[in-house]
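K.L.:
The structure under discussion is supplied below as structure tokens; questions concerning it will follow.
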Amino acid sequence: MASLPGKNLAQELIAASRDESRRTPMEAVIKAASAGSLSDDALFRLVGRLWTLERMLYYVYGGWGQGLEMNDFPPAVKYLFSRQILDDSTHEMLYLDALLRRRWIASQKDAFRHPYGTFQVNSALAYYVFSLRNLATYPHTIRIAALNLGPKIVELEWMTALADALPDADLRAVFASQAVENRSHVLMGRRIVEEFVEKPVEADLCRWACTTARGDYQRFLRELASVVLGQAAPVEAPTAAADAAE
Amino acid sequence: MPTLKVDHERCTECRMCYVVCRELDLNAVYVALEPLHRIEIDPETCLYPGCTACLMYCPAEASIVEAETGRSVVPPPPELWRRRGARLPEV
């Protein structure tokens, strides 16, 4: 294992992300959850916005998949990528199930139309999604380093803390159970960086991409925490009626 | 009324049943929190035999069964097609 070329880089990226993971805007949400002061609507906003992010990862991975050419990497790397798409799909399905189970929405179509579930381009969520999608033009190792050893580590830590803090057993299970997929993402990222990042220029690109993705994710978390805590209005997409009125 | 359940020895977790059930706004197929993230069918919500959409999309033979009898309904037996008034597929 010591001979793996990217071993030290993987450790460096993991350490940097862990260092940031409990210094995110989500700490205020965790504190409010712990105090039992998150209203039903605040929890709806939380799950709704996280669902919106997760469904946009299909768009991100669609772009990444196009850049994964035959014979670029061994089949194991492609298998891990397909596994990652499936795991992120699980996150998305869990959030949608929670929205339906708690009757916050009546149907999947309602989730797309509701202000808490709409995708608005003028938002930190969109900034983060487009930033990830833009990594489609980079080698797969670099974008996996950026996401799996960046935001995914931060997410694993704050989500585990949030699950511990939530008094609602059902929502606690929704968040706690996702640790399995998030941990898997981190381990996949570590393995790919350890094994396939060899050149110094690639290592520098991994550092840059990881720092950028983490920064963009923190911006999204700032927006998410503000929306959940009622400090900012939910992001509303323009409706057809509003378009017609203009 | 017979109800459906997933046979986890056969199911490939491809999730086509989940996708089609969501598209129809029936929402009977869900991701179980325990056992961890397995696909399950809620018999209270499922309209079977009134609806057989998931059976039409499921690619894994015998992965959805009637809970009461254990009878496989993937691929859908002929009487389920006839019940819906649909034509049998030409093979």
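Ordering of the structure tokens sets the chain letters (A, B, ...), residue numbers begin anew at 1 in every chain, and ligands are numbered from 1 in the order given.
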Could you give me, as a list in words, the residues within 7 Å of Lys5 of chain B, counting only C-alpha atoms and dropping anything in the same chain fewer than 5 positions from it?

P.N.:
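The filter keeps Glu40, Ile41, Ile64, Val65, Glu66 and Ala67 of chain B.
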
K.L.:
Kindly determine which residues of chain B lie within 10 Å of chain A, considering only C-alpha atoms, and give the answer as an NGL selection string.

P.N.:
:B and (13-15 or 18-19 or 22-27 or 29-34 or 36-38)

K.L.:
Take the residues just selected and output them with C-alpha atoms as a compact mmCIF listing (two decimals), in the first residue's frame.

P.N.:
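Resulting contents of result.txt:
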# COMPACT_ATOMS: atom_id res chain seq x y z
CA GLU B 13 -32.00 -2.97 -7.20
CA CYS B 14 -32.09 -1.34 -10.64
CA ARG B 15 -34.93 0.86 -9.32
CA TYR B 18 -39.41 3.03 -8.10
CA VAL B 19 -39.08 5.33 -11.11
CA ARG B 22 -43.12 7.84 -8.87
CA GLU B 23 -43.96 8.86 -12.43
CA LEU B 24 -47.52 7.60 -11.93
CA ASP B 25 -47.73 9.44 -8.59
CA LEU B 26 -48.67 6.23 -6.79
CA ASN B 27 -45.55 6.26 -4.59
CA VAL B 29 -42.40 1.75 -4.04
CA TYR B 30 -40.00 3.31 -1.56
CA VAL B 31 -36.46 3.10 -0.21
CA ALA B 32 -36.57 1.38 3.19
CA LEU B 33 -34.52 2.91 5.97
CA GLU B 34 -34.31 -0.50 7.63
CA LEU B 36 -30.78 -0.32 4.88
CA HIS B 37 -31.93 1.25 1.61
CA ARG B 38 -33.64 -1.76 0.11

K.L.:
Looking only at strand (DSSP E or B) from DSSP on the backbone, list the matching residues of segment 17-59 of chain B as a ChimeraX atom specification.

P.N.:
/B:29-31,39-41

K.L.:
Find the residues near Ser63 of chain B: any atom within 6 Å, counting only C-alpha atoms, skip ones fewer than 5 places away on the same chain, and give them as a list in words.

P.N.:
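Final neighbour list, sorted by chain and number: Val6, Asp7, Arg10 and Cys11 of chain B.
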
K.L.:
Using C-alpha atoms, can you write the selected residues to a file as a PDB file, in the first residue's frame?

P.N.:
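Resulting contents of again_26.pdb:
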ATOM      1  CA  VAL B   6     -39.967  -7.629  -3.607  1.00  0.00           C
ATOM      2  CA  ASP B   7     -37.983 -10.868  -3.557  1.00  0.00           C
ATOM      3  CA  ARG B  10     -33.782 -11.878  -7.138  1.00  0.00           C
ATOM      4  CA  CYS B  11     -34.058  -8.089  -7.191  1.00  0.00           C
TER       5      CYS B  11
END

K.L.:
Just want the 12 Å neighbourhood of Ser3 of chain A, counted on only C-alpha atoms, with same-chain residues fewer than 6 positions away dropped. Output as a PyMOL selection string.

P.N.:
chain A and resi 194-196+198

K.L.:
Kindly export the residues of the current selection with C-alpha atoms, as a PDB file, in the first residue's frame.

P.N.:
ATOM      1  CA  GLU A 194      -4.061   6.944  -4.202  1.00  0.00           C
ATOM      2  CA  GLU A 195      -3.865   4.709  -7.241  1.00  0.00           C
ATOM      3  CA  PHE A 196      -4.107   7.019 -10.243  1.00  0.00           C
ATOM      4  CA  GLU A 198       0.941  10.196 -10.153  1.00  0.00           C
TER       5      GLU A 198
END

K.L.:
Go through A:Glu92, A:Asp72, A:Glu223, A:Asp41 one by one, measure the shortest atom-to-atom distance of each to His140 of chain A using only C-alpha atoms, and give the residue with the smallest value.

P.N.:
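Ranking A:Glu92, A:Asp72, A:Glu223, A:Asp41 by distance to His140 of chain A, first place goes to A:Asp72.
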
K.L.:
From the set A:Ala15, A:Arg133, A:His114, A:Glu20, which residue has the shortest atom-to-atom contact distance to Met56 of chain A, counting only C-alpha atoms?

P.N.:
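Closest to Met56 of chain A, using only C-alpha atoms: A:Arg133.
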
K.L.:
Let me make sure I understand: among A:Arg55, A:Lys152, A:Arg83, A:Arg45, which one has the smallest atom-to-atom distance to Ala225 of chain A if we use only C-alpha atoms?

P.N.:
A:Arg45

K.L.:
Quote the spacing between atom CA of Lys31 of chain A and atom CA of Asp164 of chain A in Å to one decimal place.

P.N.:
10.8 Å

K.L.:
Using atom CA of Ala62 of chain B and atom CA of Val74 of chain B as the two end points, give the distance in Å to one decimal.

P.N.:
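Atom CA of Val74 of chain B lies 4.9 Å from atom CA of Ala62 of chain B.
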